[in-house]
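Trainee: This is coords-v5.txt (compact mmCIF, C-alpha atoms).
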# COMPACT_ATOMS: atom_id res chain seq x y z
CA MET A 7 16.28 -23.78 5.37
CA LEU A 8 13.34 -22.38 3.42
CA GLU A 9 14.79 -18.84 3.37
CA ARG A 10 17.73 -20.05 1.27
CA TYR A 11 17.39 -16.99 -0.96
CA GLY A 12 16.54 -14.56 1.82
CA HIS A 13 12.75 -14.42 1.44
CA GLY A 14 9.56 -16.28 2.22
CA GLY A 15 7.26 -17.64 -0.47
CA ASP A 16 9.91 -19.92 -2.01
CA LEU A 17 7.60 -22.75 -3.02
CA ARG A 18 10.24 -24.43 -5.17
CA THR A 19 12.56 -24.87 -2.19
CA ALA A 20 9.63 -26.05 -0.05
CA GLU A 21 8.66 -28.57 -2.70
CA GLU A 22 12.20 -29.98 -2.72
CA ALA A 23 12.43 -30.01 1.10
CA PHE A 24 9.12 -31.71 1.88
CA ASP A 25 8.35 -33.65 -1.32
CA ILE A 26 4.96 -31.95 -1.53
CA PRO A 27 3.72 -30.33 -4.79
CA ALA A 28 4.00 -26.54 -4.64
CA HIS A 29 0.26 -25.99 -5.15
CA LYS A 30 -0.53 -28.13 -2.09
CA PHE A 31 1.13 -25.78 0.40
CA ILE A 32 -0.70 -23.13 2.40
CA ASP A 33 1.87 -20.35 2.33
CA PHE A 34 1.97 -18.14 5.42
CA SER A 35 5.62 -17.26 4.77
CA SER A 36 4.86 -14.51 2.23
CA ASN A 37 2.52 -11.60 2.78
CA MET A 38 0.25 -11.42 -0.25
CA ASN A 39 -3.37 -10.32 -0.22
CA PRO A 40 -5.30 -13.61 0.14
CA LEU A 41 -8.20 -12.26 -1.91
CA GLY A 42 -5.99 -13.00 -4.92
CA PRO A 43 -5.40 -10.75 -7.94
CA PRO A 44 -8.31 -8.51 -8.97
CA LEU A 45 -10.40 -9.55 -11.96
CA SER A 46 -8.74 -6.84 -14.06
CA VAL A 47 -5.46 -8.77 -13.90
CA LYS A 48 -6.96 -11.71 -15.79
CA GLN A 49 -8.47 -9.32 -18.31
CA ALA A 50 -5.09 -7.65 -18.81
CA LEU A 51 -3.44 -11.03 -19.34
CA HIS A 52 -5.94 -11.92 -22.05
CA SER A 53 -5.34 -8.66 -23.93
CA TYR A 54 -1.56 -8.76 -23.55
CA ALA A 55 -1.03 -10.98 -26.61
CA GLU A 56 -1.86 -7.97 -28.79
CA VAL A 57 1.08 -5.90 -27.49
CA ILE A 58 3.70 -8.48 -26.56
CA GLY A 59 5.49 -7.84 -29.85
CA GLN A 60 6.10 -4.20 -28.94
CA TYR A 61 8.74 -2.66 -26.69
CA PRO A 62 7.50 -1.43 -23.30
CA ASP A 63 7.23 2.31 -22.75
CA PRO A 64 10.71 3.14 -21.36
CA ALA A 65 9.28 6.04 -19.33
CA VAL A 66 6.30 4.05 -17.97
CA ARG A 67 4.13 7.09 -18.75
CA GLY A 68 0.70 5.49 -18.52
CA LEU A 69 1.25 4.03 -15.05
CA ARG A 70 3.06 7.11 -13.77
CA ARG A 71 0.13 9.25 -14.94
CA LYS A 72 -2.37 7.10 -13.05
CA LEU A 73 -0.19 7.08 -9.92
CA SER A 74 0.12 10.87 -10.08
CA GLU A 75 -3.66 11.17 -10.24
CA LEU A 76 -4.12 8.69 -7.39
CA HIS A 77 -1.74 10.52 -5.06
CA ASP A 78 -2.26 14.04 -6.48
CA ILE A 79 1.45 14.52 -7.16
CA ASP A 80 3.61 15.45 -10.16
CA GLU A 81 4.41 12.62 -12.59
CA GLN A 82 8.06 13.69 -12.48
CA SER A 83 8.11 12.83 -8.76
CA ILE A 84 7.62 9.12 -9.55
CA VAL A 85 10.06 6.47 -10.74
CA VAL A 86 8.52 3.04 -11.39
CA GLY A 87 10.72 -0.01 -10.91
CA ASN A 88 10.90 -3.78 -11.13
CA GLY A 89 9.54 -4.23 -7.60
CA ALA A 90 10.52 -2.45 -4.40
CA ALA A 91 13.76 -4.46 -4.26
CA GLU A 92 15.10 -2.77 -7.39
CA LEU A 93 14.19 0.65 -6.03
CA ILE A 94 15.92 0.00 -2.69
CA ASP A 95 19.05 -0.92 -4.61
CA LEU A 96 18.76 2.10 -6.92
CA ILE A 97 18.30 4.70 -4.19
CA VAL A 98 21.31 3.36 -2.27
CA ARG A 99 23.45 3.43 -5.41
CA ALA A 100 22.28 6.95 -6.19
CA LEU A 101 22.87 8.37 -2.69
CA GLN A 102 26.10 6.43 -1.97
CA PRO A 103 25.76 6.86 1.81
CA LYS A 104 28.89 6.39 3.89
CA LEU A 105 26.76 5.47 6.92
CA THR A 106 23.25 4.03 7.00
CA THR A 107 21.17 3.59 10.14
CA LEU A 108 18.82 0.61 10.33
CA ALA A 109 16.30 -0.07 13.09
CA ILE A 110 16.44 -3.84 13.50
CA PRO A 111 14.71 -6.17 12.97
CA CYS A 112 13.96 -4.94 9.47
CA PHE A 113 13.76 -6.06 5.84
CA ASP A 114 17.07 -7.72 4.88
CA GLU A 115 17.23 -5.95 1.51
CA TYR A 116 18.21 -2.68 3.22
CA GLY A 117 21.43 -4.07 4.60
CA ASP A 118 22.13 -6.08 1.46
CA ALA A 119 21.93 -2.95 -0.70
CA ILE A 120 24.27 -1.03 1.63
CA ARG A 121 26.82 -3.82 1.72
CA LYS A 122 26.88 -3.97 -2.09
CA ILE A 123 28.28 -0.43 -2.24
CA GLY A 124 30.67 -0.99 0.68
CA GLY A 125 28.77 1.33 3.01
CA ALA A 126 28.84 1.15 6.81
CA ILE A 127 25.75 0.16 8.80
CA TYR A 128 24.75 1.44 12.23
CA GLU A 129 22.08 -0.68 13.91
CA ILE A 130 19.52 0.49 16.45
CA LYS A 131 18.04 -2.58 18.10
CA LEU A 132 14.31 -2.31 18.71
CA SER A 133 13.06 -3.77 21.98
CA PRO A 134 10.32 -6.39 22.36
CA SER A 135 9.45 -4.77 25.69
CA ASN A 136 8.45 -1.69 23.66
CA GLN A 137 6.68 -3.82 21.04
CA PHE A 138 9.55 -3.08 18.62
CA GLU A 139 8.38 0.51 18.26
CA LEU A 140 10.90 3.08 17.03
CA ASP A 141 10.75 6.30 19.00
CA LEU A 142 12.91 9.36 19.60
CA ASP A 143 14.11 7.85 22.87
CA SER A 144 15.62 4.90 21.02
CA GLU A 145 19.32 4.66 21.77
CA HIS A 146 21.46 7.07 19.74
CA LEU A 147 18.66 7.79 17.23
CA CYS A 148 19.07 11.55 17.05
CA GLY A 149 22.84 11.33 17.37
CA ALA A 150 22.98 9.18 14.25
CA ALA A 151 20.82 11.72 12.41
CA GLU A 152 23.20 14.54 13.20
CA THR A 153 25.97 12.80 11.28
CA GLY A 154 24.01 13.35 8.05
CA SER A 155 23.61 9.62 7.55
CA LEU A 156 20.90 7.77 5.68
CA PHE A 157 18.02 6.15 7.56
CA MET A 158 16.14 3.28 5.92
CA LEU A 159 12.88 2.59 7.75
CA GLY A 160 9.92 0.36 7.02
CA SER A 161 6.45 1.70 7.83
CA PRO A 162 4.79 -0.69 8.49
CA ASN A 163 8.05 -2.38 9.36
CA ASN A 164 8.76 -5.89 8.13
CA PRO A 165 8.67 -8.16 10.16
CA THR A 166 7.20 -6.32 13.19
CA GLY A 167 4.19 -4.69 11.52
CA GLN A 168 4.81 -1.44 13.42
CA LEU A 169 4.22 1.96 11.84
CA VAL A 170 6.75 4.77 12.24
CA ASP A 171 5.47 8.04 13.66
CA PRO A 172 5.73 10.60 10.80
CA GLU A 173 6.83 13.25 13.29
CA LEU A 174 9.85 11.13 14.16
CA ILE A 175 10.86 11.10 10.50
CA ARG A 176 10.37 14.86 10.26
CA THR A 177 12.66 15.26 13.26
CA LEU A 178 15.36 13.21 11.55
CA LEU A 179 15.02 15.38 8.45
CA ARG A 180 15.32 18.57 10.48
CA LYS A 181 18.55 17.23 11.94
CA GLY A 182 20.02 16.77 8.47
CA ALA A 183 19.48 13.08 7.79
CA TYR A 184 18.44 11.48 4.51
CA VAL A 185 15.46 9.18 5.01
CA VAL A 186 14.09 6.40 2.82
CA VAL A 187 10.71 5.17 4.04
CA ASP A 188 9.64 1.77 2.75
CA GLU A 189 5.84 1.88 2.63
CA ALA A 190 5.46 -1.44 0.82
CA PHE A 191 2.55 -2.43 3.08
CA MET A 192 1.01 1.01 3.63
CA ASP A 193 -1.95 0.20 1.34
CA PHE A 194 -3.18 -2.18 4.06
CA VAL A 195 -3.41 0.66 6.60
CA PRO A 196 -6.89 2.27 6.85
CA GLU A 197 -5.39 5.50 8.22
CA GLU A 198 -2.88 5.69 5.37
CA SER A 199 -3.23 9.47 5.00
CA ARG A 200 -2.21 9.92 8.64
CA TYR A 201 0.98 7.87 8.41
CA SER A 202 2.19 8.05 4.81
CA LEU A 203 4.88 10.58 3.90
CA LEU A 204 4.45 10.06 0.19
CA ARG A 205 3.26 13.57 -0.62
CA GLU A 206 5.84 15.17 1.66
CA ALA A 207 8.56 13.34 -0.28
CA THR A 208 7.74 15.43 -3.36
CA ARG A 209 8.69 18.59 -1.41
CA HIS A 210 11.79 17.47 0.52
CA GLU A 211 15.10 16.76 -1.19
CA ARG A 212 16.26 14.30 1.51
CA LEU A 213 13.07 12.24 1.81
CA PHE A 214 12.12 9.29 -0.40
CA VAL A 215 9.13 6.94 -0.15
CA ILE A 216 9.02 3.47 -1.73
CA ARG A 217 5.76 1.68 -2.50
CA SER A 218 5.10 -1.87 -3.69
CA MET A 219 2.12 -2.87 -5.82
CA THR A 220 2.70 -6.61 -5.61
CA LYS A 221 1.61 -7.25 -2.00
CA PHE A 222 -1.73 -5.43 -1.91
CA TYR A 223 -2.86 -6.61 -5.35
CA SER A 224 -1.42 -10.13 -4.91
CA ILE A 225 0.73 -10.04 -8.04
CA PRO A 226 4.21 -11.09 -6.81
CA GLY A 227 5.01 -12.67 -10.17
CA ILE A 228 4.73 -9.19 -11.69
CA ARG A 229 7.58 -7.23 -10.12
CA LEU A 230 6.21 -3.71 -9.69
CA GLY A 231 6.85 -0.80 -7.33
CA TYR A 232 7.59 2.91 -7.37
CA ILE A 233 9.57 5.53 -5.49
CA VAL A 234 8.48 9.10 -4.83
CA GLY A 235 10.75 12.09 -4.27
CA MET A 236 11.64 15.49 -5.66
CA PRO A 237 12.06 15.33 -9.47
CA ARG A 238 15.59 16.75 -9.30
CA THR A 239 16.79 14.23 -6.74
CA LEU A 240 15.20 11.31 -8.62
CA SER A 241 17.17 12.09 -11.79
CA GLY A 242 20.11 10.08 -10.44
CA LEU A 243 17.91 7.00 -10.13
CA ARG A 244 16.71 7.34 -13.69
CA ARG A 245 20.30 7.44 -14.96
CA LEU A 246 21.18 4.27 -13.04
CA GLN A 247 18.07 2.28 -13.94
CA VAL A 248 18.38 -0.42 -16.58
CA PRO A 249 16.42 0.47 -19.75
CA TRP A 250 12.99 -1.21 -19.94
CA SER A 251 13.28 -2.29 -16.32
CA VAL A 252 9.48 -2.46 -16.13
CA ASN A 253 8.11 -4.79 -18.78
CA SER A 254 4.94 -4.04 -20.72
CA LEU A 255 2.84 -6.68 -18.94
CA ALA A 256 3.71 -5.18 -15.55
CA GLN A 257 2.82 -1.72 -16.83
CA LEU A 258 -0.50 -2.95 -18.23
CA ILE A 259 -1.46 -4.76 -15.02
CA GLY A 260 -0.33 -1.84 -12.87
CA GLU A 261 -2.62 0.54 -14.71
CA ALA A 262 -5.52 -1.92 -14.50
CA VAL A 263 -5.40 -2.62 -10.73
CA LEU A 264 -5.39 1.07 -9.79
CA ASP A 265 -9.01 1.23 -10.93
CA GLU A 266 -10.00 -1.54 -8.48
CA THR A 267 -11.45 0.65 -5.72
CA ASP A 268 -14.00 -1.98 -4.62
CA TYR A 269 -11.20 -4.54 -4.30
CA ALA A 270 -9.23 -2.13 -2.12
CA ASP A 271 -12.24 -1.52 0.13
CA ARG A 272 -12.89 -5.26 0.49
CA THR A 273 -9.26 -5.85 1.39
CA ILE A 274 -9.28 -3.28 4.19
CA ALA A 275 -12.60 -4.60 5.53
CA TRP A 276 -11.30 -8.21 5.52
CA LEU A 277 -8.05 -7.33 7.30
CA GLU A 278 -9.72 -5.21 9.99
CA LYS A 279 -11.88 -8.20 10.88
CA GLU A 280 -9.48 -11.12 10.39
CA ARG A 281 -6.28 -9.79 11.96
CA PRO A 282 -7.68 -9.31 15.50
CA TRP A 283 -9.44 -12.69 15.25
CA LEU A 284 -6.19 -14.45 14.36
CA ILE A 285 -4.25 -12.56 17.06
CA GLY A 286 -6.78 -13.67 19.67
CA LYS A 287 -6.64 -17.31 18.57
CA LEU A 288 -2.82 -17.35 18.55
CA GLN A 289 -2.73 -15.86 22.04
CA ALA A 290 -5.27 -18.42 23.23
CA ILE A 291 -2.88 -21.26 22.40
CA GLY A 292 0.03 -19.56 24.17
CA PHE A 293 1.78 -17.45 21.53
CA GLU A 294 2.85 -13.84 22.08
CA VAL A 295 1.81 -11.64 19.16
CA ASN A 296 3.28 -8.24 18.39
CA PRO A 297 0.71 -5.54 17.52
CA SER A 298 0.63 -5.08 13.75
CA SER A 299 -0.76 -2.57 11.26
CA ALA A 300 0.01 -4.85 8.32
CA ASN A 301 -1.24 -8.14 6.90
CA TYR A 302 1.30 -10.22 8.83
CA LEU A 303 2.14 -10.94 12.47
CA LEU A 304 5.40 -11.31 14.34
CA VAL A 305 4.79 -14.17 16.77
CA ARG A 306 6.84 -15.47 19.69
CA ILE A 307 6.80 -19.17 20.49
CA PRO A 308 5.80 -20.04 24.08
CA LYS A 309 8.81 -20.47 26.37
CA ASP A 310 7.64 -23.89 27.51
CA ALA A 311 7.14 -25.21 23.98
CA GLY A 312 10.61 -26.72 23.72
CA ILE A 313 10.87 -25.91 20.03
CA SER A 314 12.81 -23.29 18.05
CA ALA A 315 11.57 -21.30 15.08
CA SER A 316 13.55 -23.41 12.62
CA MET A 317 12.25 -26.64 14.18
CA LEU A 318 8.69 -25.36 14.11
CA GLN A 319 9.06 -24.32 10.48
CA LEU A 320 10.23 -27.83 9.65
CA GLU A 321 7.36 -29.53 11.48
CA MET A 322 4.80 -27.18 9.94
CA GLY A 323 6.23 -27.76 6.48
CA LYS A 324 5.72 -31.47 6.85
CA GLN A 325 2.03 -30.68 7.31
CA GLY A 326 1.96 -28.53 4.18
CA VAL A 327 1.91 -25.21 6.04
CA LEU A 328 4.74 -22.72 5.43
CA ILE A 329 5.74 -20.13 8.01
CA ARG A 330 8.67 -17.71 8.16
CA ASP A 331 11.56 -18.42 10.50
CA ALA A 332 11.89 -14.87 11.82
CA SER A 333 15.16 -15.63 13.61
CA ARG A 334 16.65 -15.02 10.16
CA PHE A 335 15.97 -11.31 10.72
CA SER A 336 18.84 -9.53 12.45
CA GLY A 337 17.79 -8.61 15.98
CA LEU A 338 15.45 -11.55 16.59
CA ASP A 339 16.26 -14.81 18.34
CA HIS A 340 15.18 -18.42 17.75
CA THR A 341 11.78 -17.93 19.40
CA TYR A 342 10.25 -15.77 16.65
CA ILE A 343 8.19 -16.70 13.59
CA ARG A 344 6.24 -14.53 11.17
CA VAL A 345 2.90 -15.52 9.66
CA ALA A 346 0.69 -13.84 7.10
CA VAL A 347 -2.97 -13.13 7.80
CA LYS A 348 -5.07 -15.13 5.37
CA LEU A 349 -8.72 -16.09 4.88
CA ARG A 350 -10.57 -17.71 7.78
CA LYS A 351 -10.38 -21.31 6.53
CA GLN A 352 -6.64 -21.02 5.92
CA ASN A 353 -6.08 -19.35 9.29
CA GLU A 354 -7.92 -22.20 10.99
CA GLN A 355 -5.59 -24.66 9.26
CA LEU A 356 -2.60 -22.66 10.50
CA LEU A 357 -3.90 -22.76 14.07
CA ALA A 358 -4.60 -26.48 13.91
CA ALA A 359 -1.11 -27.21 12.62
CA LEU A 360 0.51 -25.01 15.26
CA GLU A 361 -1.47 -26.66 18.06
CA HIS A 362 -0.52 -30.08 16.74
CA CYS A 363 3.18 -29.16 16.80
CA MET A 364 2.98 -27.56 20.25
CA ASN A 365 1.19 -30.55 21.77
CA ARG A 366 3.61 -32.96 20.17
CA TYR A 367 6.71 -31.27 21.57
CA ARG A 368 5.20 -30.59 24.98
CA SER A 369 4.24 -34.25 25.30
CA ARG A 370 7.86 -35.20 24.67
CA GLY A 371 8.93 -33.00 27.55
CA VAL A 372 11.66 -31.56 25.36
Take the structure I supplied and represent it as structure tokens, if you would.
Mentor:
Amino acid sequence: MLERYGHGGDLRTAEEAFDIPAHKFIDFSSNMNPLGPPLSVKQALHSYAEVIGQYPDPAVRGLRRKLSELHDIDEQSIVVGNGAAELIDLIVRALQPKLTTLAIPCFDEYGDAIRKIGGAIYEIKLSPSNQFELDLDSEHLCGAAETGSLFMLGSPNNPTGQLVDPELIRTLLRKGAYVVVDEAFMDFVPEESRYSLLREATRHERLFVIRSMTKFYSIPGIRLGYIVGMPRTLSGLRRLQVPWSVNSLAQLIGEAVLDETDYADRTIAWLEKERPWLIGKLQAIGFEVNPSSANYLLVRIPKDAGISASMLQLEMGKQGVLIRDASRFSGLDHTYIRVAVKLRKQNEQLLAALEHCMNRYRSRGV
């Protein structure tokens, strides 16, 4: 099982499982920008030796200042953390919800954080017949909001790639709910201003928005993310956060990549071209693909393939191609995988490996 630690991108486990050097794998199991880190990251690494002997800024002032300018919000409305995972954990510990509503399938970290504090979880199961879209007609959605519970929602959702209608979230807020919106992949959305609730979070005491910087800028080794909310309501997070949670290298790189506007434009242009191409090719060989606004696709294995997600992951791994067994997400069965969208050559290798596996199992008549 490649998701031994709950995530994709575990090259060490893959190396042990398939006896293939980590650098030889083509990793579709994690959703990083395939353009790789911007040039400014390498420049920051070269200059870091001059400041490594100093403590990091405990208030992360430089990066918070640049983020406030980028989003046109108050610096005090931003808390920077050691990746989105830390911030999910912090907001749950700060709010201490008795009941949290999750729309499944969703990112496992939401449930993990709730269980750590002994909180109860109410699950709304999203339907494949509705393309896993969350809407106000979803079973018991508004009823759960009226209890004053916490909603944790991904937009775009991981693993479905679906955006959440901002008006739906506003409705939940009007009914008295607390809402945490995980916008870790929102940077990949061209119409970000239409869907993001980041600015609204600075004006509503029960709304919080989490962003990740590691996916879009392809820097997963540098754990970096931030949460936006009203300054008064974020004070609880600051008290709970471990001192120097964000190291000085992460702060330096975070400031550097925010200047990479050309890189951001190239990323959006690449994804708008490559995602529909890959969807079409996957459908052509028999896979069902859920519509996605992110840089990954939730894919259903053909019914006649005679192979489960875990079996397919194993066969693909033997060929040096890593995919995510999406049946590990609550609410999905053994027919689902998740794949990242990568560069054309890599995507062609993915398709070739998938076709090879499909043909092999179909020929067996399994």
Trainee: Under the rule that all atoms listed in the file are counted, which of A:Ala256, A:Leu73, A:Ala270, A:Met317 is the nearest residue to Pro226 of chain A?
Mentor: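 Using all atoms listed in the file, Pro226 of chain A sits closest to A:Ala256.
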Trainee: Please, what distance in Å, to one decimal, runs between atom CA of Pro308 of chain A and atom CA of Thr341 of chain A?
Mentor: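 Between atom CA of Pro308 of chain A and atom CA of Thr341 of chain A the gap works out to 7.9 Å.
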Trainee: What are the closest atom pairs, with distances in Å to one decimal, for all residues of segment 350-370 of chain A lying within 10 Å of segment 15-32 of chain A? Consider all atoms listed in the file, order rows by chain and residue number, and present the result as CSV.
Mentor:
residue,atom,partner,partner_atom,distance
A:Gln352,CA,A:Ile32,CA,7.2
A:Asn353,CA,A:Ile32,CA,9.5
A:Gln355,CA,A:Ile32,CA,8.6
A:Leu356,CA,A:Ile32,CA,8.3
Trainee: Could you work out how far atom CA of Glu280 of chain A lies from atom CA of Arg350 of chain A, giving the answer in Å with one decimal?
Mentor: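 Straight-line distance from atom CA of Arg350 of chain A to atom CA of Glu280 of chain A works out to 7.2 Å.
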Trainee: Could you name the residues that touch segment 232-243 of chain A at 8 Å or less, counting all atoms listed in the file, but leaving out those on the same chain fewer than 4 positions away, as a VMD selection string?
Mentor: chain A and resid 82 to 87 89 to 90 93 96 to 97 100 204 207 to 211 213 to 218 247
Trainee: Need the shell around Glu115 of chain A: protein/DNA/RNA residues with any atom at most 8 Å away, counting all atoms listed in the file. Skip same-chain ones fewer than 4 positions apart. Format as an mmCIF file with C-alpha atoms, keeping the file's coordinate frame?
Mentor:
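Below is the file that was written, result_30.cif:
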data_model
loop_
_atom_site.group_PDB
_atom_site.id
_atom_site.type_symbol
_atom_site.label_atom_id
_atom_site.label_comp_id
_atom_site.auth_asym_id
_atom_site.auth_seq_id
_atom_site.Cartn_x
_atom_site.Cartn_y
_atom_site.Cartn_z
ATOM 1 C CA ALA A 91 13.760 -4.460 -4.260
ATOM 2 C CA ILE A 94 15.920 0.000 -2.690
ATOM 3 C CA ALA A 119 21.930 -2.950 -0.700
#
Trainee: Do you know which residues are at most 7 Å from segment 181-189 of chain A counting all atoms listed in the file, after dropping those on the same chain fewer than 6 positions away, and could you put them as a list in words?
Mentor: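 The filter keeps Ala151, Glu152, Gly154, Ser155, Leu156, Phe157, Met158, Leu159, Gly160, Ser161, Pro162, Arg212, Leu213, Phe214, Val215, Ile216 and Arg217 of chain A.
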Trainee: Go ahead and find all residues with at least one atom no further than 12 Å from (2.3, -15.2, 21.6) in the file's coordinates, using only C-alpha atoms; report them as number ranges by chain.
Mentor: A: 134, 284-297, 303-311, 341-345, 360
Trainee: Please provide the set of residues having any atom within 7 Å of segment 262-267 of chain A, restricted to all atoms listed in the file, with same-chain residues fewer than 3 positions apart removed, written as a ChimeraX atom specification.
Mentor: /A:44,46-47,258-259,270-271
Trainee: Dig up all the protein and nucleic acid residues within 9 Å of (3.1, -8.6, -17.0) in the file frame, using all atoms listed in the file, and format them as an NGL selection string.
Mentor: :A and (50-51 or 54 or 227-229 or 252-260)
Trainee: Would you save the residues of that selection, restricted to C-alpha atoms, as a CSV table (one decimal), in the coordinates of the input?
Mentor:
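Ended up saving to result_34.csv:
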chain,number,residue,atom,x,y,z
A,50,ALA,CA,-5.1,-7.6,-18.8
A,51,LEU,CA,-3.4,-11.0,-19.3
A,54,TYR,CA,-1.6,-8.8,-23.6
A,227,GLY,CA,5.0,-12.7,-10.2
A,228,ILE,CA,4.7,-9.2,-11.7
A,229,ARG,CA,7.6,-7.2,-10.1
A,252,VAL,CA,9.5,-2.5,-16.1
A,253,ASN,CA,8.1,-4.8,-18.8
A,254,SER,CA,4.9,-4.0,-20.7
A,255,LEU,CA,2.8,-6.7,-18.9
A,256,ALA,CA,3.7,-5.2,-15.6
A,257,GLN,CA,2.8,-1.7,-16.8
A,258,LEU,CA,-0.5,-3.0,-18.2
A,259,ILE,CA,-1.5,-4.8,-15.0
A,260,GLY,CA,-0.3,-1.8,-12.9
Trainee: Enclose all atoms of segment 70-84 of chain A listed in the file in an axis-aligned box, grow every side by 8 Å, and hand back centre and edge lengths in Å to one decimal, as lines of an AutoDock Vina configuration file.
Mentor:
center_x = 2.0
center_y = 11.3
center_z = -10.0
size_x = 28.2
size_y = 24.4
size_z = 25.9
Trainee: With distances taken over only C-alpha atoms, which residue among A:Phe34, A:Phe222, A:Trp283, A:Tyr367 lies nearest Leu318 of chain A?
Mentor: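 Using only C-alpha atoms, Leu318 of chain A sits closest to A:Tyr367.
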Trainee: Using all atoms listed in the file, can you tell me which of A:Leu246, A:Ala275, A:Met219, A:Met322 comes closest to Leu69 of chain A?
Mentor: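 Checking each of A:Leu246, A:Ala275, A:Met219, A:Met322 against Leu69 of chain A, counting all atoms listed in the file, the winner is A:Met219.
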Trainee: Could you please determine the separation between atom CA of Leu179 of chain A and atom CA of Ser135 of chain A in Å, to one decimal place?
Mentor: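 These two atoms are separated by 27.1 Å.
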Trainee: Considering only C-alpha atoms, can you say which of A:Ile313, A:Ala55, A:Ile274, A:Val248 comes closest to Asn88 of chain A?
Mentor: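 With only C-alpha atoms as the atom set, the closest residue is A:Val248.
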Trainee: Please return segment 265-270 of chain A, rebuilt to all heavy atoms, as a compact mmCIF listing (two decimals), in the frame of the given file.
Mentor:
# COMPACT_ATOMS: atom_id res chain seq x y z
N ASP A 265 -7.58 0.92 -10.82
CA ASP A 265 -9.01 1.23 -10.93
C ASP A 265 -9.87 0.37 -10.00
O ASP A 265 -11.09 0.57 -9.92
CB ASP A 265 -9.48 1.01 -12.38
CG ASP A 265 -8.87 2.02 -13.34
OD1 ASP A 265 -8.63 3.17 -12.92
OD2 ASP A 265 -8.62 1.65 -14.50
N GLU A 266 -9.26 -0.57 -9.30
CA GLU A 266 -10.00 -1.54 -8.48
C GLU A 266 -10.31 -0.98 -7.09
O GLU A 266 -9.82 -1.48 -6.06
CB GLU A 266 -9.19 -2.83 -8.37
CG GLU A 266 -9.01 -3.58 -9.68
CD GLU A 266 -10.20 -4.44 -10.04
OE1 GLU A 266 -11.18 -4.45 -9.26
OE2 GLU A 266 -10.15 -5.12 -11.08
N THR A 267 -11.13 0.03 -7.02
CA THR A 267 -11.45 0.65 -5.72
C THR A 267 -12.28 -0.28 -4.84
O THR A 267 -12.10 -0.31 -3.61
CB THR A 267 -12.18 1.98 -5.93
OG1 THR A 267 -13.34 1.75 -6.75
CG2 THR A 267 -11.27 3.00 -6.61
N ASP A 268 -13.20 -1.04 -5.42
CA ASP A 268 -14.00 -1.98 -4.62
C ASP A 268 -13.11 -3.07 -4.01
O ASP A 268 -13.31 -3.47 -2.86
CB ASP A 268 -15.08 -2.63 -5.48
CG ASP A 268 -16.19 -1.66 -5.84
OD1 ASP A 268 -16.28 -0.59 -5.19
OD2 ASP A 268 -16.97 -1.95 -6.77
N TYR A 269 -12.16 -3.53 -4.78
CA TYR A 269 -11.20 -4.54 -4.30
C TYR A 269 -10.42 -4.00 -3.11
O TYR A 269 -10.23 -4.70 -2.11
CB TYR A 269 -10.26 -4.91 -5.45
CG TYR A 269 -9.14 -5.86 -5.08
CD1 TYR A 269 -9.30 -7.24 -5.21
CD2 TYR A 269 -7.90 -5.37 -4.65
CE1 TYR A 269 -8.26 -8.11 -4.89
CE2 TYR A 269 -6.86 -6.24 -4.33
CZ TYR A 269 -7.05 -7.60 -4.45
OH TYR A 269 -6.02 -8.46 -4.14
N ALA A 270 -9.98 -2.75 -3.21
CA ALA A 270 -9.23 -2.13 -2.12
C ALA A 270 -10.08 -2.03 -0.86
O ALA A 270 -9.62 -2.33 0.25
CB ALA A 270 -8.73 -0.75 -2.55
